[in-house]
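Data file: query.cif. Format and content: mmCIF, C-alpha atoms, pLDDT in the B column; chains and numbers go by the auth columns.
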data_model
loop_
_atom_site.group_PDB
_atom_site.id
_atom_site.type_symbol
_atom_site.label_atom_id
_atom_site.label_comp_id
_atom_site.label_asym_id
_atom_site.label_seq_id
_atom_site.Cartn_x
_atom_site.Cartn_y
_atom_site.Cartn_z
_atom_site.B_iso_or_equiv
_atom_site.auth_seq_id
_atom_site.auth_asym_id
ATOM 1 C CA MET A 1 70.575 98.684 -121.729 70.00 1 S
ATOM 2 C CA ILE A 2 72.305 101.899 -122.759 74.00 2 S
ATOM 3 C CA TRP A 3 69.113 103.148 -124.398 72.00 3 S
ATOM 4 C CA TRP A 4 67.068 102.228 -121.346 70.00 4 S
ATOM 5 C CA LEU A 5 69.448 104.273 -119.159 75.00 5 S
ATOM 6 C CA LYS A 6 69.205 107.194 -121.585 78.00 6 S
ATOM 7 C CA ILE A 7 65.417 107.070 -121.682 73.00 7 S
ATOM 8 C CA ARG A 8 65.220 106.846 -117.888 78.00 8 S
ATOM 9 C CA ALA A 9 67.572 109.858 -117.611 81.00 9 S
ATOM 10 C CA ALA A 10 69.905 107.944 -115.309 85.00 10 S
ATOM 11 C CA HIS A 11 72.577 110.623 -115.647 86.00 11 S
ATOM 12 C CA ALA A 12 70.160 113.319 -114.477 89.00 12 S
ATOM 13 C CA LEU A 13 69.090 111.059 -111.607 90.00 13 S
ATOM 14 C CA ALA A 14 72.705 110.551 -110.507 91.00 14 S
ATOM 15 C CA ILE A 15 73.558 114.250 -110.793 93.00 15 S
ATOM 16 C CA GLY A 16 70.325 115.286 -109.073 93.00 16 S
ATOM 17 C CA THR A 17 70.878 112.862 -106.197 91.00 17 S
ATOM 18 C CA ALA A 18 74.471 114.020 -105.721 92.00 18 S
ATOM 19 C CA ALA A 19 73.351 117.661 -105.830 92.00 19 S
ATOM 20 C CA THR A 20 70.592 116.927 -103.305 91.00 20 S
ATOM 21 C CA TRP A 21 73.131 115.343 -101.000 87.00 21 S
ATOM 22 C CA LEU A 22 75.638 118.183 -101.349 88.00 22 S
ATOM 23 C CA LEU A 23 72.990 120.859 -100.906 89.00 23 S
ATOM 24 C CA GLY A 24 71.485 118.957 -97.984 87.00 24 S
ATOM 25 C CA LEU A 25 74.830 118.700 -96.236 87.00 25 S
ATOM 26 C CA LEU A 26 75.529 122.395 -96.799 87.00 26 S
ATOM 27 C CA ILE A 27 72.167 124.006 -95.988 84.00 27 S
ATOM 28 C CA GLY A 28 69.975 121.095 -94.897 72.00 28 S
ATOM 29 C CA THR A 29 69.718 122.325 -91.321 74.00 29 S
ATOM 30 C CA ALA A 30 68.212 125.673 -92.311 79.00 30 S
ATOM 31 C CA HIS A 31 64.671 126.119 -90.992 72.00 31 S
ATOM 32 C CA LEU A 32 61.630 126.690 -93.173 70.00 32 S
ATOM 33 C CA PRO A 33 58.759 128.544 -91.492 68.00 33 S
ATOM 34 C CA LEU A 34 55.660 126.428 -92.078 64.00 34 S
ATOM 35 C CA PRO A 35 52.542 126.642 -89.918 63.00 35 S
ATOM 36 C CA ALA A 36 51.342 123.573 -88.056 59.00 36 S
ATOM 37 C CA LEU A 37 47.653 122.702 -88.133 62.00 37 S
ATOM 38 C CA THR A 38 47.929 120.452 -85.086 61.00 38 S
ATOM 39 C CA GLY A 39 50.184 120.669 -82.063 57.00 39 S
ATOM 40 C CA GLN A 40 53.033 123.108 -81.776 60.00 40 S
ATOM 41 C CA ALA A 41 55.148 123.805 -84.852 62.00 41 S
ATOM 42 C CA GLY A 42 58.526 122.113 -84.767 62.00 42 S
ATOM 43 C CA ASP A 43 61.666 122.403 -86.852 68.00 43 S
ATOM 44 C CA PHE A 44 60.928 121.804 -90.519 72.00 44 S
ATOM 45 C CA LEU A 45 64.300 121.749 -92.227 76.00 45 S
ATOM 46 C CA VAL A 46 65.350 122.355 -95.814 78.00 46 S
ATOM 47 C CA GLY A 47 66.725 118.796 -95.681 80.00 47 S
ATOM 48 C CA HIS A 48 63.189 117.470 -95.205 80.00 48 S
ATOM 49 C CA LEU A 49 62.009 119.075 -98.446 84.00 49 S
ATOM 50 C CA ILE A 50 64.908 118.842 -100.895 87.00 50 S
ATOM 51 C CA THR A 51 65.103 115.073 -100.504 91.00 51 S
ATOM 52 C CA LEU A 52 62.050 114.896 -102.764 91.00 52 S
ATOM 53 C CA ALA A 53 64.256 115.558 -105.796 91.00 53 S
ATOM 54 C CA PRO A 54 65.611 112.009 -106.418 94.00 54 S
ATOM 55 C CA ALA A 55 62.143 110.426 -106.229 92.00 55 S
ATOM 56 C CA VAL A 56 60.701 113.089 -108.537 91.00 56 S
ATOM 57 C CA LEU A 57 63.598 112.558 -110.970 91.00 57 S
ATOM 58 C CA LEU A 58 62.930 108.819 -110.827 90.00 58 S
ATOM 59 C CA MET A 59 59.300 109.443 -111.845 87.00 59 S
ATOM 60 C CA HIS A 60 60.484 111.903 -114.531 85.00 60 S
ATOM 61 C CA GLY A 61 62.624 109.134 -116.032 84.00 61 S
ATOM 62 C CA ALA A 62 59.640 106.782 -115.996 79.00 62 S
ATOM 63 C CA ALA A 63 57.557 109.452 -117.729 76.00 63 S
ATOM 64 C CA ARG A 64 59.988 109.593 -120.653 71.00 64 S
ATOM 65 C CA ALA A 65 59.358 105.965 -121.600 69.00 65 S
ATOM 66 C CA ASP A 66 57.032 104.718 -124.316 65.00 66 S
ATOM 67 C CA HIS A 67 54.882 102.558 -122.043 62.00 67 S
ATOM 68 C CA PRO A 68 52.579 100.955 -124.649 62.00 68 S
ATOM 69 C CA THR A 69 55.636 99.716 -126.537 60.00 69 S
ATOM 70 C CA GLU A 70 57.428 98.596 -123.388 60.00 70 S
ATOM 71 C CA ASN A 71 54.390 96.677 -122.130 58.00 71 S
ATOM 72 C CA VAL A 72 54.433 94.381 -125.175 58.00 72 S
ATOM 73 C CA ALA A 73 58.211 93.995 -125.403 58.00 73 S
ATOM 74 C CA VAL A 74 59.794 90.592 -125.009 52.00 74 S
ATOM 75 C CA ARG A 75 61.655 91.814 -121.939 62.00 75 S
ATOM 76 C CA THR A 76 59.617 94.475 -120.214 63.00 76 S
ATOM 77 C CA PRO A 77 61.873 96.979 -118.456 71.00 77 S
ATOM 78 C CA HIS A 78 59.419 97.440 -115.581 74.00 78 S
ATOM 79 C CA HIS A 79 61.575 95.284 -113.304 80.00 79 S
ATOM 80 C CA LEU A 80 64.589 97.366 -114.293 83.00 80 S
ATOM 81 C CA ASP A 81 62.769 100.493 -113.108 85.00 81 S
ATOM 82 C CA VAL A 82 62.260 98.905 -109.697 88.00 82 S
ATOM 83 C CA ALA A 83 65.890 97.774 -109.663 89.00 83 S
ATOM 84 C CA LEU A 84 67.007 101.335 -110.446 90.00 84 S
ATOM 85 C CA ALA A 85 64.931 102.648 -107.553 92.00 85 S
ATOM 86 C CA LEU A 86 66.323 100.046 -105.154 94.00 86 S
ATOM 87 C CA THR A 87 69.866 100.715 -106.338 93.00 87 S
ATOM 88 C CA LEU A 88 69.382 104.412 -105.688 93.00 88 S
ATOM 89 C CA ALA A 89 67.991 103.775 -102.191 94.00 89 S
ATOM 90 C CA THR A 90 70.801 101.346 -101.359 95.00 90 S
ATOM 91 C CA THR A 91 73.410 103.787 -102.653 94.00 91 S
ATOM 92 C CA VAL A 92 72.210 106.720 -100.554 93.00 92 S
ATOM 93 C CA LEU A 93 71.879 104.569 -97.427 93.00 93 S
ATOM 94 C CA THR A 94 75.391 103.171 -97.916 94.00 94 S
ATOM 95 C CA ALA A 95 76.782 106.657 -98.545 92.00 95 S
ATOM 96 C CA ALA A 96 75.158 107.892 -95.333 90.00 96 S
ATOM 97 C CA LEU A 97 76.646 105.034 -93.355 91.00 97 S
ATOM 98 C CA LEU A 98 80.121 105.626 -94.786 92.00 98 S
ATOM 99 C CA LEU A 99 79.940 109.381 -94.240 89.00 99 S
ATOM 100 C CA HIS A 100 78.678 108.878 -90.709 86.00 100 S
ATOM 101 C CA LEU A 101 81.623 106.562 -89.972 88.00 101 S
ATOM 102 C CA ILE A 102 84.153 109.019 -91.432 90.00 102 S
ATOM 103 C CA HIS A 103 82.664 112.241 -90.113 84.00 103 S
ATOM 104 C CA PRO A 104 79.629 111.859 -87.837 82.00 104 S
ATOM 105 C CA THR A 105 76.855 114.080 -89.141 82.00 105 S
ATOM 106 C CA ASP A 106 73.179 113.592 -88.482 86.00 106 S
ATOM 107 C CA MET A 107 72.109 115.347 -91.672 87.00 107 S
ATOM 108 C CA ALA A 108 73.522 112.549 -93.882 89.00 108 S
ATOM 109 C CA ILE A 109 71.304 110.031 -92.097 91.00 109 S
ATOM 110 C CA VAL A 110 68.221 112.269 -92.339 90.00 110 S
ATOM 111 C CA LEU A 111 68.841 112.906 -96.046 91.00 111 S
ATOM 112 C CA SER A 112 69.294 109.220 -96.886 93.00 112 S
ATOM 113 C CA ARG A 113 66.347 108.083 -94.775 93.00 113 S
ATOM 114 C CA ASN A 114 64.031 110.624 -96.380 93.00 114 S
ATOM 115 C CA ILE A 115 65.264 109.902 -99.917 94.00 115 S
ATOM 116 C CA THR A 116 64.652 106.200 -99.275 95.00 116 S
ATOM 117 C CA GLY A 117 61.161 106.854 -97.928 94.00 117 S
ATOM 118 C CA TYR A 118 60.244 109.107 -100.844 94.00 118 S
ATOM 119 C CA ILE A 119 61.476 106.478 -103.318 95.00 119 S
ATOM 120 C CA GLY A 120 59.213 104.001 -101.534 95.00 120 S
ATOM 121 C CA LEU A 121 56.290 106.409 -101.880 94.00 121 S
ATOM 122 C CA ALA A 122 57.051 106.851 -105.578 93.00 122 S
ATOM 123 C CA LEU A 123 57.097 103.084 -106.113 92.00 123 S
ATOM 124 C CA LEU A 124 53.868 102.757 -104.137 93.00 124 S
ATOM 125 C CA LEU A 125 51.999 105.500 -105.996 91.00 125 S
ATOM 126 C CA HIS A 126 53.271 104.844 -109.524 88.00 126 S
ATOM 127 C CA PRO A 127 51.195 101.693 -110.254 86.00 127 S
ATOM 128 C CA TRP A 128 48.002 103.325 -108.959 89.00 128 S
ATOM 129 C CA VAL A 129 48.105 106.869 -110.334 88.00 129 S
ATOM 130 C CA GLY A 130 50.814 106.799 -113.014 84.00 130 S
ATOM 131 C CA HIS A 131 54.258 108.335 -113.122 81.00 131 S
ATOM 132 C CA ARG A 132 53.255 111.977 -113.633 82.00 132 S
ATOM 133 C CA ALA A 133 50.742 112.104 -110.799 86.00 133 S
ATOM 134 C CA ALA A 134 53.052 110.087 -108.529 86.00 134 S
ATOM 135 C CA GLY A 135 55.812 112.647 -109.052 84.00 135 S
ATOM 136 C CA ALA A 136 53.467 115.405 -107.924 87.00 136 S
ATOM 137 C CA LEU A 137 51.774 113.492 -105.101 90.00 137 S
ATOM 138 C CA ILE A 138 55.072 112.674 -103.415 91.00 138 S
ATOM 139 C CA ALA A 139 55.291 116.354 -102.438 87.00 139 S
ATOM 140 C CA VAL A 140 52.188 115.926 -100.281 88.00 140 S
ATOM 141 C CA ALA A 141 54.153 113.808 -97.772 87.00 141 S
ATOM 142 C CA PRO A 142 56.541 116.443 -96.389 86.00 142 S
ATOM 143 C CA LEU A 143 53.978 119.226 -96.572 82.00 143 S
ATOM 144 C CA GLY A 144 51.360 117.060 -94.849 83.00 144 S
ATOM 145 C CA CYS A 145 53.875 116.112 -92.179 82.00 145 S
ATOM 146 C CA ALA A 146 54.839 119.768 -91.692 80.00 146 S
ATOM 147 C CA ALA A 147 51.192 120.776 -91.322 80.00 147 S
ATOM 148 C CA ALA A 148 49.819 117.885 -89.237 80.00 148 S
ATOM 149 C CA GLY A 149 52.814 115.883 -88.028 78.00 149 S
ATOM 150 C CA TRP A 150 53.687 117.826 -84.905 76.00 150 S
ATOM 151 C CA GLY A 151 52.619 116.669 -81.491 78.00 151 S
ATOM 152 C CA PRO A 152 52.709 118.341 -78.088 78.00 152 S
ATOM 153 C CA GLY A 153 55.862 120.286 -77.368 76.00 153 S
ATOM 154 C CA GLY A 154 56.872 120.474 -81.024 73.00 154 S
ATOM 155 C CA ARG A 155 57.905 116.812 -81.184 82.00 155 S
ATOM 156 C CA PRO A 156 57.067 114.867 -84.357 82.00 156 S
ATOM 157 C CA GLU A 157 54.260 112.325 -84.287 84.00 157 S
ATOM 158 C CA ARG A 158 55.343 108.697 -84.664 86.00 158 S
ATOM 159 C CA TRP A 159 53.906 108.378 -88.183 88.00 159 S
ATOM 160 C CA ALA A 160 55.649 111.543 -89.493 85.00 160 S
ATOM 161 C CA TRP A 161 58.967 109.834 -90.289 87.00 161 S
ATOM 162 C CA VAL A 162 60.087 112.768 -92.430 87.00 162 S
ATOM 163 C CA LEU A 163 60.327 115.050 -89.388 85.00 163 S
ATOM 164 C CA HIS A 164 62.162 112.768 -86.969 87.00 164 S
ATOM 165 C CA PRO A 165 65.789 113.359 -85.969 86.00 165 S
ATOM 166 C CA ALA A 166 68.550 111.122 -87.284 85.00 166 S
ATOM 167 C CA ASP A 167 68.658 108.878 -84.226 87.00 167 S
ATOM 168 C CA SER A 168 65.009 107.813 -84.566 89.00 168 S
ATOM 169 C CA ARG A 169 64.811 104.088 -85.228 91.00 169 S
ATOM 170 C CA THR A 170 61.055 104.391 -85.713 92.00 170 S
ATOM 171 C CA ALA A 171 61.552 106.826 -88.596 91.00 171 S
ATOM 172 C CA LEU A 172 64.132 104.583 -90.254 92.00 172 S
ATOM 173 C CA ALA A 173 61.860 101.555 -89.847 94.00 173 S
ATOM 174 C CA LEU A 174 58.909 103.464 -91.362 94.00 174 S
ATOM 175 C CA ALA A 175 60.993 104.698 -94.308 94.00 175 S
ATOM 176 C CA LEU A 176 62.279 101.172 -94.984 95.00 176 S
ATOM 177 C CA ALA A 177 58.768 99.732 -94.597 96.00 177 S
ATOM 178 C CA THR A 178 57.523 102.303 -97.124 95.00 178 S
ATOM 179 C CA LEU A 179 60.284 101.214 -99.510 95.00 179 S
ATOM 180 C CA LEU A 180 59.392 97.552 -99.004 96.00 180 S
ATOM 181 C CA LEU A 181 55.675 98.187 -99.515 95.00 181 S
ATOM 182 C CA GLY A 182 56.408 100.314 -102.584 93.00 182 S
ATOM 183 C CA THR A 183 58.686 97.645 -104.044 93.00 183 S
ATOM 184 C CA THR A 184 56.089 94.932 -103.470 93.00 184 S
ATOM 185 C CA THR A 185 53.359 97.047 -105.040 92.00 185 S
ATOM 186 C CA ALA A 186 55.529 97.997 -108.017 89.00 186 S
ATOM 187 C CA LEU A 187 56.453 94.375 -108.699 88.00 187 S
ATOM 188 C CA THR A 188 52.980 92.899 -108.298 89.00 188 S
ATOM 189 C CA ARG A 189 50.753 95.515 -109.937 80.00 189 S
ATOM 190 C CA ARG A 190 51.006 96.666 -113.525 68.00 190 S
ATOM 191 C CA PRO A 191 51.635 100.395 -113.763 59.00 191 S
ATOM 192 C CA THR A 192 48.901 102.525 -115.230 56.00 192 S
ATOM 193 C CA THR A 193 49.748 104.137 -118.517 54.00 193 S
ATOM 194 C CA THR A 194 49.034 107.806 -118.610 49.00 194 S
ATOM 195 C CA PRO A 195 49.326 109.829 -121.785 45.00 195 S
#
I'd like the structure from this file rewritten - as structure tokens, please.
Amino acid sequence: MIWWLKIRAAHALAIGTAATWLLGLLIGTAHLPLPALTGQAGDFLVGHLITLAPAVLLMHGAARADHPTENVAVRTPHHLDVALALTLATTVLTAALLLHLIHPTDMAIVLSRNITGYIGLALLLHPWVGHRAAGALIAVAPLGCAAAGWGPGGRPERWAWVLHPADSRTALALALATLLLGTTTALTRRPTTTP
């Protein structure tokens, strides 16, 4: 188990997630000027973009593994990878809830919701395109939402969960549904092995 955690770079994942949270709480409300292809441009925040880091680090840890060897092992660690992802998502959601109870801040909820959604996207993409491509393709989500996710009046479209404010139940439901779909896909489909 210790070697599995070392190979998956669990320490880097923990440090990167904590740094994402700290940075998000400090400068997450800063605006990034991105043009909108549809509708009126809304507020695209630094907190919408930096929350990619934990999901990318998760895919980086998966990339460090020797997949041909792991696929023929007696106990394949694939389920452990999914458990690590779910543990990370549960941890950030719990931390957001606790922080919101102690000191109400909307940014903690936005950060945790987006991290959870991006982890779901990583789990969804990984079996289809491999860990390296999944790590890169996750970045399409916030940039696609920033370009095409704005509706009339600068309000986010319903499907663009990344852009919604913290009090949006629709965004939380979509992020959790993405995590559920990603978990189901990761557990039922063998990941592709990319060199």
State, in Å with one decimal place, the distance from CA of Ala108 (chain S) to CA of Leu80 (chain S).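 CA of Ala108 (chain S) sits 27.0 Å away from CA of Leu80 (chain S).
For the residues S:Thr188, S:Leu32, S:Leu49, S:Ala9, ranking by smallest atom-to-atom distance to Arg64 (chain S) using only C-alpha atoms places S:Ala9 first.
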Report as a JSON list (two decimals) with C-alpha atoms, in the frame of the given file all protein, DNA and RNA residues lying within 12 Å of region 166-176 of chain S, evaluated on all atoms listed in the file, omitting residues in the same chain fewer than 5 positions from it.
[["chain", "number", "residue", "atom", "x", "y", "z"],
["S", 29, "THR", "CA", 69.72, 122.32, -91.32],
["S", 47, "GLY", "CA", 66.72, 118.80, -95.68],
["S", 48, "HIS", "CA", 63.19, 117.47, -95.20],
["S", 86, "LEU", "CA", 66.32, 100.05, -105.15],
["S", 89, "ALA", "CA", 67.99, 103.78, -102.19],
["S", 90, "THR", "CA", 70.80, 101.35, -101.36],
["S", 93, "LEU", "CA", 71.88, 104.57, -97.43],
["S", 96, "ALA", "CA", 75.16, 107.89, -95.33],
["S", 97, "LEU", "CA", 76.65, 105.03, -93.36],
["S", 100, "HIS", "CA", 78.68, 108.88, -90.71],
["S", 104, "PRO", "CA", 79.63, 111.86, -87.84],
["S", 105, "THR", "CA", 76.86, 114.08, -89.14],
["S", 106, "ASP", "CA", 73.18, 113.59, -88.48],
["S", 107, "MET", "CA", 72.11, 115.35, -91.67],
["S", 108, "ALA", "CA", 73.52, 112.55, -93.88],
["S", 109, "ILE", "CA", 71.30, 110.03, -92.10],
["S", 110, "VAL", "CA", 68.22, 112.27, -92.34],
["S", 111, "LEU", "CA", 68.84, 112.91, -96.05],
["S", 112, "SER", "CA", 69.29, 109.22, -96.89],
["S", 113, "ARG", "CA", 66.35, 108.08, -94.78],
["S", 114, "ASN", "CA", 64.03, 110.62, -96.38],
["S", 115, "ILE", "CA", 65.26, 109.90, -99.92],
["S", 116, "THR", "CA", 64.65, 106.20, -99.28],
["S", 117, "GLY", "CA", 61.16, 106.85, -97.93],
["S", 118, "TYR", "CA", 60.24, 109.11, -100.84],
["S", 119, "ILE", "CA", 61.48, 106.48, -103.32],
["S", 120, "GLY", "CA", 59.21, 104.00, -101.53],
["S", 121, "LEU", "CA", 56.29, 106.41, -101.88],
["S", 141, "ALA", "CA", 54.15, 113.81, -97.77],
["S", 155, "ARG", "CA", 57.90, 116.81, -81.18],
["S", 156, "PRO", "CA", 57.07, 114.87, -84.36],
["S", 157, "GLU", "CA", 54.26, 112.32, -84.29],
["S", 158, "ARG", "CA", 55.34, 108.70, -84.66],
["S", 159, "TRP", "CA", 53.91, 108.38, -88.18],
["S", 160, "ALA", "CA", 55.65, 111.54, -89.49],
["S", 161, "TRP", "CA", 58.97, 109.83, -90.29],
["S", 181, "LEU", "CA", 55.68, 98.19, -99.52],
["S", 182, "GLY", "CA", 56.41, 100.31, -102.58],
["S", 183, "THR", "CA", 58.69, 97.64, -104.04]]
Determine, counting only C-alpha atoms, which protein, DNA and RNA residues have an atom within 8 Å of an atom of Ala53 (chain S); residues of the same chain fewer than 4 positions away are not included. Present the result as a tab-separated table (two decimals) with C-alpha atoms, in the frame of the given file.
chain	number	residue	atom	x	y	z
S	16	GLY	CA	70.32	115.29	-109.07
S	17	THR	CA	70.88	112.86	-106.20
S	20	THR	CA	70.59	116.93	-103.30
S	57	LEU	CA	63.60	112.56	-110.97
Report as a tab-separated table (two decimals) with C-alpha atoms, in the frame of the given file the residues that result from applying the PyMOL selection byres ((chain S and resi 4) around 10) to the structure here.
chain	number	residue	atom	x	y	z
S	1	MET	CA	70.58	98.68	-121.73
S	2	ILE	CA	72.31	101.90	-122.76
S	3	TRP	CA	69.11	103.15	-124.40
S	5	LEU	CA	69.45	104.27	-119.16
S	6	LYS	CA	69.20	107.19	-121.58
S	7	ILE	CA	65.42	107.07	-121.68
S	8	ARG	CA	65.22	106.85	-117.89
S	9	ALA	CA	67.57	109.86	-117.61
S	10	ALA	CA	69.90	107.94	-115.31
S	61	GLY	CA	62.62	109.13	-116.03
S	65	ALA	CA	59.36	105.96	-121.60
S	77	PRO	CA	61.87	96.98	-118.46
S	80	LEU	CA	64.59	97.37	-114.29
S	81	ASP	CA	62.77	100.49	-113.11
Which residue of S:Leu137, S:Ile15, S:Gly28, S:Val162 approaches Gly149 (chain S) most closely, using only C-alpha atoms: S:Val162
Have a look at CA of Phe44 (chain S) and CA of His31 (chain S) and let me know their distance in Å, one decimal.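 Interatomic distance here is 5.7 Å.
Relative to CA of Leu23 (chain S), CA of Ala85 (chain S) is found at 21.0 Å.
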Calculate, to one decimal in Å, the centre and edge lengths of the box along x, y and z of the file that holds all listed atoms of region 165-178 of chain S with 8 Å of margin on each side, and present them as JSON.
{"center_x": 63.1, "center_y": 106.5, "center_z": -90.7, "size_x": 27.1, "size_y": 29.6, "size_z": 28.9}
With distances taken over all atoms listed in the file, which of S:Leu179, S:Leu52, S:Met59, S:Val82 is nearest to Ala133 (chain S)?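 Closest to Ala133 (chain S), using all atoms listed in the file: S:Met59.
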With the input short on atoms, add N, CA, C and O atoms back to region 15-31 of chain S and write it as a tab-separated table (two decimals), keeping the file's coordinate frame.
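Ended up saving to out-v9.tsv:
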chain	number	residue	atom	x	y	z
S	15	ILE	N	73.14	112.88	-111.07
S	15	ILE	CA	73.56	114.25	-110.79
S	15	ILE	C	72.61	114.91	-109.80
S	15	ILE	O	73.03	115.59	-108.87
S	16	GLY	N	71.31	114.70	-109.98
S	16	GLY	CA	70.32	115.29	-109.07
S	16	GLY	C	70.44	114.75	-107.66
S	16	GLY	O	70.30	115.50	-106.68
S	17	THR	N	70.71	113.45	-107.53
S	17	THR	CA	70.88	112.86	-106.20
S	17	THR	C	72.14	113.39	-105.53
S	17	THR	O	72.13	113.74	-104.34
S	18	ALA	N	73.22	113.47	-106.28
S	18	ALA	CA	74.47	114.02	-105.72
S	18	ALA	C	74.29	115.49	-105.32
S	18	ALA	O	74.76	115.91	-104.26
S	19	ALA	N	73.60	116.25	-106.16
S	19	ALA	CA	73.35	117.66	-105.83
S	19	ALA	C	72.45	117.80	-104.60
S	19	ALA	O	72.66	118.68	-103.76
S	20	THR	N	71.46	116.92	-104.49
S	20	THR	CA	70.59	116.93	-103.30
S	20	THR	C	71.40	116.65	-102.05
S	20	THR	O	71.24	117.33	-101.03
S	21	TRP	N	72.28	115.68	-102.14
S	21	TRP	CA	73.13	115.34	-101.00
S	21	TRP	C	74.04	116.51	-100.63
S	21	TRP	O	74.15	116.87	-99.46
S	22	LEU	N	74.71	117.08	-101.61
S	22	LEU	CA	75.64	118.18	-101.35
S	22	LEU	C	74.89	119.38	-100.77
S	22	LEU	O	75.31	119.96	-99.77
S	23	LEU	N	73.79	119.73	-101.39
S	23	LEU	CA	72.99	120.86	-100.91
S	23	LEU	C	72.44	120.57	-99.51
S	23	LEU	O	72.43	121.43	-98.64
S	24	GLY	N	72.00	119.34	-99.30
S	24	GLY	CA	71.48	118.96	-97.98
S	24	GLY	C	72.53	119.04	-96.90
S	24	GLY	O	72.25	119.47	-95.77
S	25	LEU	N	73.76	118.63	-97.23
S	25	LEU	CA	74.83	118.70	-96.24
S	25	LEU	C	75.25	120.15	-95.96
S	25	LEU	O	75.65	120.48	-94.85
S	26	LEU	N	75.13	121.00	-96.98
S	26	LEU	CA	75.53	122.40	-96.80
S	26	LEU	C	74.46	123.24	-96.10
S	26	LEU	O	74.78	123.99	-95.18
S	27	ILE	N	73.21	123.14	-96.56
S	27	ILE	CA	72.17	124.01	-95.99
S	27	ILE	C	70.96	123.23	-95.48
S	27	ILE	O	69.91	123.81	-95.22
S	28	GLY	N	71.10	121.94	-95.30
S	28	GLY	CA	69.97	121.10	-94.90
S	28	GLY	C	69.41	121.40	-93.53
S	28	GLY	O	68.26	121.09	-93.24
S	29	THR	N	70.20	122.03	-92.67
S	29	THR	CA	69.72	122.32	-91.32
S	29	THR	C	69.04	123.69	-91.22
S	29	THR	O	68.61	124.07	-90.13
S	30	ALA	N	68.92	124.38	-92.33
S	30	ALA	CA	68.21	125.67	-92.31
S	30	ALA	C	66.72	125.42	-92.09
S	30	ALA	O	66.17	124.43	-92.58
S	31	HIS	N	66.09	126.29	-91.34
S	31	HIS	CA	64.67	126.12	-90.99
S	31	HIS	C	63.77	126.80	-92.01
S	31	HIS	O	64.06	127.88	-92.50
